[in-house]
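Everything below belongs to query_35.pdb, which stores PDB, C-alpha atoms.
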```pdb
ATOM      1  CA  MET A1305      37.497  67.996 187.464
ATOM      2  CA  PRO A1306      40.486  66.513 185.569
ATOM      3  CA  LYS A1307      41.926  63.380 187.144
ATOM      4  CA  ILE A1308      45.477  63.765 188.401
ATOM      5  CA  LYS A1309      47.677  61.175 186.741
ATOM      6  CA  ALA A1310      49.600  58.735 188.882
ATOM      7  CA  THR A1311      53.361  59.413 188.705
ATOM      8  CA  HIS A1312      56.610  58.352 190.361
ATOM      9  CA  ASP A1313      58.466  61.499 189.261
ATOM     10  CA  ALA A1314      60.737  62.621 192.101
ATOM     11  CA  ASN A1315      60.263  66.233 191.023
ATOM     12  CA  ILE A1316      56.477  66.189 191.427
ATOM     13  CA  ASP A1317      56.692  68.175 194.687
ATOM     14  CA  GLN A1318      58.710  70.824 192.910
ATOM     15  CA  LEU A1319      56.106  70.899 190.133
ATOM     16  CA  VAL A1320      53.345  71.525 192.687
ATOM     17  CA  GLU A1321      55.432  74.180 194.446
ATOM     18  CA  ILE A1322      56.201  76.054 191.224
ATOM     19  CA  SER A1323      52.527  75.930 190.200
ATOM     20  CA  ALA A1324      51.387  77.280 193.565
ATOM     21  CA  LEU A1325      53.916  80.103 193.483
ATOM     22  CA  TYR A1326      52.945  81.096 189.960
ATOM     23  CA  TYR A1327      49.137  80.740 190.051
ATOM     24  CA  ILE A1328      48.448  81.583 193.703
ATOM     25  CA  ASP A1329      51.262  83.874 194.870
ATOM     26  CA  GLY A1330      51.737  85.635 191.542
ATOM     27  CA  ILE A1331      55.470  84.945 191.259
ATOM     28  CA  THR A1332      56.620  85.610 187.681
ATOM     29  CA  GLN A1333      58.250  82.979 185.486
ATOM     30  CA  GLU A1334      61.471  85.020 185.518
ATOM     31  CA  GLU A1335      61.536  84.980 189.342
ATOM     32  CA  LEU A1336      60.792  81.236 189.383
ATOM     33  CA  SER A1337      63.614  80.693 186.908
ATOM     34  CA  GLN A1338      66.077  82.375 189.265
ATOM     35  CA  ARG A1339      64.710  80.810 192.444
ATOM     36  CA  PHE A1340      64.856  77.212 191.144
ATOM     37  CA  ASN A1341      67.900  77.678 188.900
ATOM     38  CA  LEU A1342      65.904  76.714 185.814
ATOM     39  CA  SER A1343      65.686  78.273 182.379
ATOM     40  CA  ARG A1344      62.579  80.318 181.701
ATOM     41  CA  PRO A1345      61.437  77.941 178.889
ATOM     42  CA  LYS A1346      61.805  75.058 181.359
ATOM     43  CA  VAL A1347      59.546  76.851 183.841
ATOM     44  CA  GLY A1348      56.985  77.369 181.081
ATOM     45  CA  ARG A1349      57.061  73.668 180.202
ATOM     46  CA  LEU A1350      56.605  72.699 183.860
ATOM     47  CA  LEU A1351      53.559  74.963 184.194
ATOM     48  CA  LYS A1352      52.100  73.473 181.015
ATOM     49  CA  ARG A1353      52.699  69.958 182.379
ATOM     50  CA  ALA A1354      50.928  70.906 185.622
ATOM     51  CA  ARG A1355      47.826  71.838 183.611
ATOM     52  CA  GLU A1356      47.988  68.686 181.483
ATOM     53  CA  GLU A1357      48.273  66.391 184.534
ATOM     54  CA  GLY A1358      45.424  68.049 186.400
ATOM     55  CA  ILE A1359      47.585  69.590 189.131
ATOM     56  CA  VAL A1360      46.381  72.988 187.940
ATOM     57  CA  GLU A1361      42.819  73.580 186.747
ATOM     58  CA  ILE A1362      42.038  76.953 185.194
ATOM     59  CA  ARG A1363      38.458  78.191 185.164
ATOM     60  CA  VAL A1364      37.183  81.435 183.670
ATOM     61  CA  HIS A1365      33.876  82.659 185.077
ATOM     62  CA  ASN A1366      31.555  85.221 183.623
ATOM     63  CA  HIS A1367      31.495  88.463 185.597
ATOM     64  CA  PRO A1368      28.574  88.328 188.080
ATOM     65  CA  ASP A1369      27.333  91.806 187.147
ATOM     66  CA  SER A1370      27.200  90.939 183.452
ATOM     67  CA  SER A1371      25.397  87.650 184.096
ATOM     68  CA  THR A1372      22.929  89.275 186.469
ATOM     69  CA  VAL A1373      21.905  91.928 183.954
ATOM     70  CA  LEU A1374      21.274  89.345 181.237
ATOM     71  CA  GLU A1375      19.472  87.022 183.652
ATOM     72  CA  LEU A1376      17.170  89.775 184.884
ATOM     73  CA  GLU A1377      16.353  90.731 181.299
ATOM     74  CA  LEU A1378      15.371  87.141 180.498
ATOM     75  CA  ILE A1379      13.310  86.838 183.684
ATOM     76  CA  GLU A1380      11.436  90.067 182.927
ATOM     77  CA  ARG A1381      10.720  89.221 179.289
ATOM     78  CA  PHE A1382       9.919  85.536 179.459
ATOM     79  CA  GLY A1383       8.935  84.868 183.055
ATOM     80  CA  ILE A1384      11.604  82.237 183.693
ATOM     81  CA  LYS A1385      12.989  81.707 187.198
ATOM     82  CA  ARG A1386      16.705  81.782 186.435
ATOM     83  CA  ALA A1387      19.362  81.640 183.738
ATOM     84  CA  LEU A1388      22.685  79.781 183.803
ATOM     85  CA  ILE A1389      24.947  81.783 181.502
ATOM     86  CA  ALA A1390      28.246  80.473 180.155
ATOM     87  CA  LEU A1391      31.083  82.379 178.542
ATOM     88  CA  ASP A1392      31.420  81.921 174.799
ATOM     89  CA  HIS A1393      33.876  79.471 173.290
ATOM     90  CA  GLN A1394      34.591  78.908 169.600
ATOM     91  CA  ASP A1395      34.931  75.144 170.035
ATOM     92  CA  GLU A1396      31.423  73.624 169.943
ATOM     93  CA  HIS A1397      32.387  70.657 172.121
ATOM     94  CA  LEU A1398      33.944  72.857 174.806
ATOM     95  CA  GLN A1399      31.009  75.265 174.669
ATOM     96  CA  ARG A1400      28.645  72.362 175.326
ATOM     97  CA  LYS A1401      30.842  71.216 178.211
ATOM     98  CA  ILE A1402      30.944  74.699 179.788
ATOM     99  CA  VAL A1403      27.158  75.086 179.658
ATOM    100  CA  ALA A1404      26.654  71.553 181.004
ATOM    101  CA  SER A1405      29.001  72.213 183.919
ATOM    102  CA  LEU A1406      26.780  75.104 185.032
ATOM    103  CA  VAL A1407      23.771  72.792 185.015
ATOM    104  CA  GLY A1408      25.729  70.132 186.898
ATOM    105  CA  SER A1409      26.717  72.647 189.589
ATOM    106  CA  TYR A1410      23.132  73.869 189.852
ATOM    107  CA  LEU A1411      21.846  70.319 190.308
ATOM    108  CA  SER A1412      24.517  69.591 192.915
ATOM    109  CA  ARG A1413      23.241  72.550 194.951
ATOM    110  CA  THR A1414      19.530  71.893 194.576
ATOM    111  CA  LEU A1415      18.958  68.125 194.457
ATOM    112  CA  ARG A1416      17.609  66.480 197.585
ATOM    113  CA  ALA A1417      16.866  62.884 198.492
ATOM    114  CA  GLY A1418      13.637  61.619 196.988
ATOM    115  CA  LYS A1419      13.542  64.069 194.088
ATOM    116  CA  VAL A1420      12.470  62.779 190.667
ATOM    117  CA  ILE A1421      14.237  64.100 187.582
ATOM    118  CA  ALA A1422      12.774  63.579 184.102
ATOM    119  CA  VAL A1423      15.596  63.117 181.594
ATOM    120  CA  GLY A1424      15.488  64.048 177.916
ATOM    121  CA  MET A1425      17.915  63.038 175.190
ATOM    122  CA  GLY A1426      20.645  64.685 173.114
ATOM    123  CA  ARG A1427      24.196  65.940 173.323
ATOM    124  CA  ASN A1428      23.548  68.863 175.662
ATOM    125  CA  VAL A1429      21.666  66.796 178.236
ATOM    126  CA  SER A1430      24.216  64.012 177.967
ATOM    127  CA  ALA A1431      27.097  66.408 178.637
ATOM    128  CA  ILE A1432      25.725  67.106 182.132
ATOM    129  CA  ALA A1433      26.658  63.608 183.285
ATOM    130  CA  ASP A1434      30.231  64.189 182.091
ATOM    131  CA  SER A1435      30.577  67.478 183.946
ATOM    132  CA  VAL A1436      29.735  66.290 187.455
ATOM    133  CA  SER A1437      32.370  65.062 189.901
ATOM    134  CA  LEU A1438      31.369  62.295 192.277
ATOM    135  CA  GLY A1439      30.460  63.783 195.629
ATOM    136  CA  ILE A1440      27.476  63.758 197.978
ATOM    137  CA  ARG A1441      24.907  61.117 197.051
ATOM    138  CA  HIS A1442      21.451  62.608 196.665
ATOM    139  CA  GLU A1443      19.416  59.382 196.298
ATOM    140  CA  CYS A1444      17.211  60.698 193.507
ATOM    141  CA  THR A1445      15.349  58.941 190.696
ATOM    142  CA  PHE A1446      16.261  59.775 187.096
ATOM    143  CA  VAL A1447      13.456  58.656 184.806
ATOM    144  CA  SER A1448      13.480  58.622 181.010
ATOM    145  CA  ALA A1449      11.104  61.203 179.585
ATOM    146  CA  ILE A1450      11.431  60.045 175.982
ATOM    147  CA  GLY A1451      11.909  56.671 174.312
ATOM    148  CA  GLY A1452      15.145  55.362 172.851
ATOM    149  CA  SER A1453      16.688  55.253 169.408
ATOM    150  CA  VAL A1454      19.359  52.961 167.988
ATOM    151  CA  ARG A1455      20.356  55.696 165.567
ATOM    152  CA  ALA A1456      20.942  58.169 168.378
ATOM    153  CA  GLY A1457      23.666  56.032 169.886
ATOM    154  CA  GLU A1458      23.923  55.029 173.514
ATOM    155  CA  TYR A1459      25.573  58.274 174.601
ATOM    156  CA  MET A1460      22.621  60.468 173.600
ATOM    157  CA  ASN A1461      19.753  58.187 174.620
ATOM    158  CA  SER A1462      17.696  59.220 177.627
ATOM    159  CA  ASP A1463      18.060  55.821 179.280
ATOM    160  CA  HIS A1464      21.856  55.869 179.119
ATOM    161  CA  ILE A1465      22.003  59.488 180.279
ATOM    162  CA  GLY A1466      19.726  58.684 183.230
ATOM    163  CA  ARG A1467      21.931  55.788 184.315
ATOM    164  CA  ARG A1468      25.048  57.950 184.155
ATOM    165  CA  LEU A1469      23.379  60.757 186.099
ATOM    166  CA  ALA A1470      22.233  58.274 188.750
ATOM    167  CA  ALA A1471      25.806  57.009 189.068
ATOM    168  CA  GLN A1472      27.158  60.541 189.437
ATOM    169  CA  PHE A1473      24.552  62.042 191.765
ATOM    170  CA  GLY A1474      23.476  58.877 193.525
ATOM    171  CA  GLY A1475      20.119  57.135 193.325
ATOM    172  CA  GLU A1476      18.496  55.059 190.633
ATOM    173  CA  SER A1477      17.266  55.357 187.058
ATOM    174  CA  GLU A1478      14.140  54.144 185.289
ATOM    175  CA  THR A1479      13.992  53.282 181.597
ATOM    176  CA  LEU A1480      11.124  54.087 179.246
ATOM    177  CA  TYR A1481      10.735  50.836 177.281
ATOM    178  CA  ALA A1482       9.597  52.334 173.998
ATOM    179  CA  PRO A1483      11.086  53.731 170.799
ATOM    180  CA  ALA A1484      11.531  57.485 170.604
ATOM    181  CA  LEU A1485      10.085  57.696 167.106
ATOM    182  CA  VAL A1486       7.231  55.732 165.515
ATOM    183  CA  ALA A1487       5.857  55.716 161.982
ATOM    184  CA  ASP A1488       2.595  57.551 162.608
ATOM    185  CA  SER A1489       0.226  58.913 165.241
ATOM    186  CA  GLU A1490      -1.784  55.688 165.395
ATOM    187  CA  GLN A1491       1.259  53.708 166.532
ATOM    188  CA  ARG A1492       2.041  56.426 169.028
ATOM    189  CA  THR A1493      -1.470  56.294 170.496
ATOM    190  CA  ALA A1494      -1.263  52.524 170.897
ATOM    191  CA  LEU A1495       2.131  52.660 172.622
ATOM    192  CA  MET A1496       1.118  55.489 174.930
ATOM    193  CA  LEU A1497      -1.709  53.260 176.196
ATOM    194  CA  ASN A1498       0.674  50.422 176.999
ATOM    195  CA  ASP A1499       0.837  49.878 180.784
ATOM    196  CA  THR A1500       4.640  49.788 180.950
ATOM    197  CA  VAL A1501       5.026  52.948 178.886
ATOM    198  CA  ARG A1502       2.214  54.748 180.679
ATOM    199  CA  GLN A1503       3.577  54.017 184.169
ATOM    200  CA  THR A1504       7.032  55.351 183.353
ATOM    201  CA  LEU A1505       5.707  58.486 181.651
ATOM    202  CA  ASP A1506       3.325  59.097 184.552
ATOM    203  CA  LYS A1507       6.337  59.105 186.888
ATOM    204  CA  ALA A1508       8.146  61.493 184.535
ATOM    205  CA  ARG A1509       5.104  63.793 184.523
ATOM    206  CA  ARG A1510       5.279  63.982 188.332
ATOM    207  CA  ALA A1511       8.968  64.913 188.284
ATOM    208  CA  ASP A1512      10.363  67.787 190.326
ATOM    209  CA  ILE A1513      12.892  68.691 187.633
ATOM    210  CA  ALA A1514      13.106  68.036 183.893
ATOM    211  CA  LEU A1515      16.317  68.160 181.851
ATOM    212  CA  ILE A1516      15.526  68.858 178.223
ATOM    213  CA  GLY A1517      17.338  69.912 175.096
ATOM    214  CA  VAL A1518      16.145  72.419 172.527
ATOM    215  CA  GLY A1519      16.508  71.274 168.931
ATOM    216  CA  ASP A1520      16.778  73.079 165.623
ATOM    217  CA  LEU A1521      16.345  72.047 162.006
ATOM    218  CA  SER A1522      19.897  72.765 160.907
ATOM    219  CA  GLU A1523      21.948  70.204 158.997
ATOM    220  CA  ASN A1524      23.799  69.385 162.229
ATOM    221  CA  SER A1525      20.714  68.802 164.355
ATOM    222  CA  ASN A1526      20.242  65.419 166.001
ATOM    223  CA  MET A1527      17.100  64.548 164.061
ATOM    224  CA  VAL A1528      18.760  65.314 160.733
ATOM    225  CA  ARG A1529      21.921  63.374 161.557
ATOM    226  CA  MET A1530      19.948  60.414 162.873
ATOM    227  CA  GLY A1531      17.727  60.307 159.796
ATOM    228  CA  TRP A1532      14.502  60.468 161.802
ATOM    229  CA  PHE A1533      12.899  62.567 159.092
ATOM    230  CA  SER A1534      13.547  62.841 155.367
ATOM    231  CA  PRO A1535      15.228  65.912 153.829
ATOM    232  CA  SER A1536      11.933  66.816 152.176
ATOM    233  CA  GLU A1537      10.127  66.706 155.539
ATOM    234  CA  ILE A1538      12.774  68.937 157.103
ATOM    235  CA  ALA A1539      12.580  71.392 154.187
ATOM    236  CA  ALA A1540       8.775  71.484 154.342
ATOM    237  CA  ALA A1541       8.912  72.074 158.091
ATOM    238  CA  ARG A1542      11.245  75.028 157.646
ATOM    239  CA  ILE A1543       9.048  76.535 154.942
ATOM    240  CA  SER A1544       6.004  76.189 157.196
ATOM    241  CA  GLY A1545       7.750  78.200 159.916
ATOM    242  CA  THR A1546       9.110  75.463 162.189
ATOM    243  CA  VAL A1547      12.227  76.717 163.997
ATOM    244  CA  GLY A1548      12.897  73.944 166.506
ATOM    245  CA  ASP A1549      11.637  71.388 168.973
ATOM    246  CA  MET A1550      11.580  70.791 172.702
ATOM    247  CA  MET A1551      13.100  67.488 173.796
ATOM    248  CA  GLY A1552      12.489  66.032 170.347
ATOM    249  CA  TYR A1553       8.742  66.020 170.831
ATOM    250  CA  ASP A1554       6.901  69.260 170.156
ATOM    251  CA  PHE A1555       7.842  71.168 167.025
ATOM    252  CA  ILE A1556       7.276  74.893 167.452
ATOM    253  CA  ASP A1557       7.270  78.075 165.405
ATOM    254  CA  LEU A1558       9.032  81.279 166.388
ATOM    255  CA  GLN A1559       6.094  82.445 168.506
ATOM    256  CA  GLY A1560       6.208  79.244 170.556
ATOM    257  CA  HIS A1561       3.051  77.807 168.981
ATOM    258  CA  PRO A1562       2.754  74.215 167.716
ATOM    259  CA  ALA A1563       4.213  74.080 164.209
ATOM    260  CA  MET A1564       1.994  72.988 161.345
ATOM    261  CA  THR A1565       4.076  70.041 160.164
ATOM    262  CA  ASN A1566       3.366  66.349 159.612
ATOM    263  CA  MET A1567       6.391  65.551 161.797
ATOM    264  CA  GLN A1568       4.228  66.199 164.858
ATOM    265  CA  GLY A1569       2.694  63.394 166.875
ATOM    266  CA  ARG A1570       5.232  60.614 166.261
ATOM    267  CA  ILE A1571       7.427  60.809 169.368
ATOM    268  CA  ILE A1572       6.918  58.711 172.525
ATOM    269  CA  GLY A1573       7.579  60.990 175.467
ATOM    270  CA  LEU A1574       6.472  64.032 177.423
ATOM    271  CA  ASN A1575       4.998  67.005 175.600
ATOM    272  CA  ILE A1576       4.836  70.741 176.314
ATOM    273  CA  ASP A1577       1.655  70.424 178.372
ATOM    274  CA  ASP A1578       3.391  67.838 180.560
ATOM    275  CA  LEU A1579       6.445  70.083 180.963
ATOM    276  CA  THR A1580       4.386  73.067 182.101
ATOM    277  CA  ARG A1581       3.300  71.058 185.161
ATOM    278  CA  ILE A1582       6.881  70.228 186.240
ATOM    279  CA  PRO A1583       8.188  72.783 188.783
ATOM    280  CA  ASP A1584      11.659  73.260 187.267
ATOM    281  CA  VAL A1585      12.139  72.584 183.557
ATOM    282  CA  ILE A1586      15.791  73.141 182.689
ATOM    283  CA  ALA A1587      16.406  73.760 178.982
ATOM    284  CA  ILE A1588      20.013  73.274 177.880
ATOM    285  CA  ALA A1589      21.208  74.534 174.497
ATOM    286  CA  SER A1590      24.759  75.630 173.755
ATOM    287  CA  GLU A1591      24.943  75.820 169.950
ATOM    288  CA  PRO A1592      24.574  79.246 168.255
ATOM    289  CA  SER A1593      22.344  77.649 165.597
ATOM    290  CA  LYS A1594      19.677  77.158 168.270
ATOM    291  CA  ALA A1595      18.991  80.799 169.147
ATOM    292  CA  ALA A1596      15.660  80.870 167.287
ATOM    293  CA  GLY A1597      14.665  77.517 168.790
ATOM    294  CA  ILE A1598      15.517  78.759 172.283
ATOM    295  CA  LEU A1599      13.440  81.901 171.779
ATOM    296  CA  ALA A1600      10.504  79.794 170.597
ATOM    297  CA  ALA A1601      10.893  77.494 173.629
ATOM    298  CA  LEU A1602      10.939  80.478 175.992
ATOM    299  CA  ARG A1603       7.744  81.774 174.412
ATOM    300  CA  THR A1604       5.932  78.515 175.234
ATOM    301  CA  LYS A1605       6.234  79.487 178.937
ATOM    302  CA  ALA A1606       7.239  75.905 179.758
ATOM    303  CA  ILE A1607      10.854  76.790 180.621
ATOM    304  CA  ASP A1608      11.882  77.651 184.191
ATOM    305  CA  THR A1609      15.676  77.546 183.921
ATOM    306  CA  LEU A1610      17.642  78.336 180.767
ATOM    307  CA  ALA A1611      21.263  77.247 180.337
ATOM    308  CA  THR A1612      23.063  78.675 177.336
ATOM    309  CA  SER A1613      25.879  81.002 176.241
ATOM    310  CA  VAL A1614      26.277  84.772 176.428
ATOM    311  CA  SER A1615      26.154  85.196 172.646
ATOM    312  CA  ASN A1616      22.994  83.098 172.396
ATOM    313  CA  ILE A1617      21.278  85.301 174.957
ATOM    314  CA  HIS A1618      22.204  88.480 173.080
ATOM    315  CA  THR A1619      20.881  86.945 169.842
ATOM    316  CA  ILE A1620      17.684  85.821 171.561
ATOM    317  CA  LEU A1621      17.023  89.288 172.977
ATOM    318  CA  GLN A1622      17.643  90.960 169.602
ATOM    319  CA  LEU A1623      15.454  88.419 167.829
ATOM    320  CA  ASP A1624      12.719  88.936 170.399
ATOM    321  CA  ASP A1625      12.828  92.684 169.800
ATOM    322  CA  ALA A1626      12.502  92.135 166.062
ATOM    323  CA  THR A1627       9.688  89.574 166.159
ATOM    324  CA  ARG A1628       7.633  90.402 169.216
ATOM    325  CA  LYS A1629       3.935  90.706 168.492
TER
END
```
Would you give me this structure, written as structure tokens?
Amino acid sequence: MPKIKATHDANIDQLVEISALYYIDGITQEELSQRFNLSRPKVGRLLKRAREEGIVEIRVHNHPDSSTVLELELIERFGIKRALIALDHQDEHLQRKIVASLVGSYLSRTLRAGKVIAVGMGRNVSAIADSVSLGIRHECTFVSAIGGSVRAGEYMNSDHIGRRLAAQFGGESETLYAPALVADSEQRTALMLNDTVRQTLDKARRADIALIGVGDLSENSNMVRMGWFSPSEIAAARISGTVGDMMGYDFIDLQGHPAMTNMQGRIIGLNIDDLTRIPDVIAIASEPSKAAGILAALRTKAIDTLATSVSNIHTILQLDDATRK
């Protein structure tokens, strides 16, 4: 919720009154102009100011009937438990924020003291922490489910996201002291046997909820922007049929099967088998470029809750019709 700015304006009460009359009572701007002896453009500017200062917050919700139909279709086709469906927005940043706010509201309703939440990395997971207003403390544990990366930046790292979520919801966070990406599978095997790494991942495996992103191999994907893999590796992965990844770990083809790419087996974190044992795996993906990746993730049967946009769901359903075996 936007923070109301501190002000010493003597007309602030009038600003609140005008906003209430317009947005709640349905009084027109022309009627407000006459009632307060103000020009109509002045009334318009006051209403705009009320929105900018957080006195008025406008929210547009998807129609329940429309959401229910799409949700039931997803449940029937893919066996998920629920879908959190956001209205479409052309601005990618705002779209991510709208989807994340649905996840934040869902967590606020469902979290209970003592719950353990495994936290992935990426922009969509990170946006959840920005969408939650401080309220009831739930005393949960947010544990990193994937290692960290300097190239990812603090904002998108699982550890930083977990700390922010703990501050917002209440509770504590636990860091996975390991890099997200290593050079080869041998290094990964050695690190996964490390006591510190193993203990944290074991706690993540026993989580009640997992927050994960779904990746793609577009030019704007996190792994491409961070330089985790070379352009030739990305191109080869696409040619081999790789359409995305789950939480940066498992690369999958359109049918939800492990992709045949040498990029596999280099990430320190939970994998699909681990996710299937977690009661509520929440996959968050807002970008339209991720529709194929989302479909592939749904076909793994590891997803319990999907959070995405209306247009993504329509694309997913059409793509499923066209590619179902």
* Asked: What lies within 12 Å of Met1567 of chain A using only C-alpha atoms, ignoring chain neighbours under 2 positions off, as number ranges by chain?
  -> A: 1485-1489, 1521, 1527, 1532-1542, 1544, 1546, 1548-1549, 1552-1556, 1562-1565, 1569-1571
* Between atom CA of Leu1505 of chain A and atom CA of Leu1610 of chain A, what is the spacing in Å? ->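 Here the two named atoms are 23.2 Å from each other.
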* For Val1436 of chain A, work out the shell of residues within 12 Å, counting only C-alpha atoms and skipping chain neighbours fewer than 2 positions away, then give it as an MDAnalysis selection string. => chainID A and resid 1305:1306 1401:1402 1404:1413 1430:1434 1438:1441 1468:1474
* Could you tell me which residues the PyMOL selection byres ((chain A and resi 1318) around 12) grabs in this file, written as a list of chain:residue names? => A:Asp1313, A:Ala1314, A:Asn1315, A:Ile1316, A:Asp1317, A:Leu1319, A:Val1320, A:Glu1321, A:Ile1322, A:Ser1323, A:Ala1324, A:Leu1325, A:Leu1336, A:Arg1339, A:Phe1340, A:Leu1342, A:Val1347, A:Leu1350, A:Leu1351, A:Ala1354, A:Ile1359
* **Top pick for closest residue to Val1423 of chain A, considering A:Ile1607, A:Ile1465, A:Ile1576, A:Ile1617 and counting all atoms listed in the file** =>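 Of the candidates, the smallest distance to Val1423 of chain A is held by A:Ile1465.
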* Which value, in Å to one decimal, gives the distance between atom CA of Gly1466 of chain A and atom CA of Phe1446 of chain A? ->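 Calculated distance between atom CA of Gly1466 of chain A and atom CA of Phe1446 of chain A is 5.3 Å.
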* Given the choices A:Ala1514, A:Leu1621, A:Leu1602, A:Val1614, which gets closest to Leu1391 of chain A if the distance is worked out from all atoms listed in the file? -> A:Val1614
* Asked: Which residues come within 8 Å of Tyr1481 of chain A, counting only C-alpha atoms, excluding same-chain residues fewer than 5 positions away, as a list in words?
  ->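 So, after excluding close chain neighbours, the residues are Gly1451, Gly1452, Thr1500 and Val1501 of chain A.
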Just-selected residues, C-alpha atoms written as an mmCIF file, in the frame of the given file:
```
data_model
loop_
_atom_site.group_PDB
_atom_site.id
_atom_site.type_symbol
_atom_site.label_atom_id
_atom_site.label_comp_id
_atom_site.auth_asym_id
_atom_site.auth_seq_id
_atom_site.Cartn_x
_atom_site.Cartn_y
_atom_site.Cartn_z
ATOM 1 C CA GLY A 1451 11.909 56.671 174.312
ATOM 2 C CA GLY A 1452 15.145 55.362 172.851
ATOM 3 C CA THR A 1500 4.640 49.788 180.950
ATOM 4 C CA VAL A 1501 5.026 52.948 178.886
#
```
* To do: For atom CA of Glu1490 of chain A and atom CA of Gly1519 of chain A, quote the distance in Å rounded to one decimal.
  => 24.3 Å
If you count all atoms listed in the file, which residues fall within 7 Å of segment 1378-1384 of chain A, apart from same-chain ones fewer than 3 positions away, as a PDB file with C-alpha atoms, in the frame of the given file?
```
ATOM      1  CA  LEU A1374      21.274  89.345 181.237  1.00  0.00           C
ATOM      2  CA  GLU A1375      19.472  87.022 183.652  1.00  0.00           C
ATOM      3  CA  LEU A1602      10.939  80.478 175.992  1.00  0.00           C
ATOM      4  CA  ARG A1603       7.744  81.774 174.412  1.00  0.00           C
ATOM      5  CA  ILE A1607      10.854  76.790 180.621  1.00  0.00           C
ATOM      6  CA  ASP A1608      11.882  77.651 184.191  1.00  0.00           C
ATOM      7  CA  THR A1609      15.676  77.546 183.921  1.00  0.00           C
TER       8      THR A1609
END
```
Mind checking which residues fall within 10 Å of Gly1457 of chain A, counting only C-alpha atoms, ignoring those fewer than 4 positions away in the same chain, and posting them as a PDB file with C-alpha atoms, in the coordinates of the input?
```pdb
ATOM      1  CA  GLY A1426      20.645  64.685 173.114  1.00  0.00           C
ATOM      2  CA  GLY A1452      15.145  55.362 172.851  1.00  0.00           C
ATOM      3  CA  SER A1453      16.688  55.253 169.408  1.00  0.00           C
ATOM      4  CA  ASN A1461      19.753  58.187 174.620  1.00  0.00           C
ATOM      5  CA  HIS A1464      21.856  55.869 179.119  1.00  0.00           C
ATOM      6  CA  MET A1530      19.948  60.414 162.873  1.00  0.00           C
TER       7      MET A1530
END
```
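Candidate residues A:Ser1343, A:Ser1590, A:Asn1428, A:Thr1604 were compared for distance to Asn1616 of chain A, and the nearest is A:Ser1590, using all atoms listed in the file.
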* Structure fact -> Nearest to Ile1582 of chain A, restricted to all atoms listed in the file and choosing among A:Arg1455, A:Arg1467, A:Arg1510, A:Arg1355, comes out as A:Arg1510
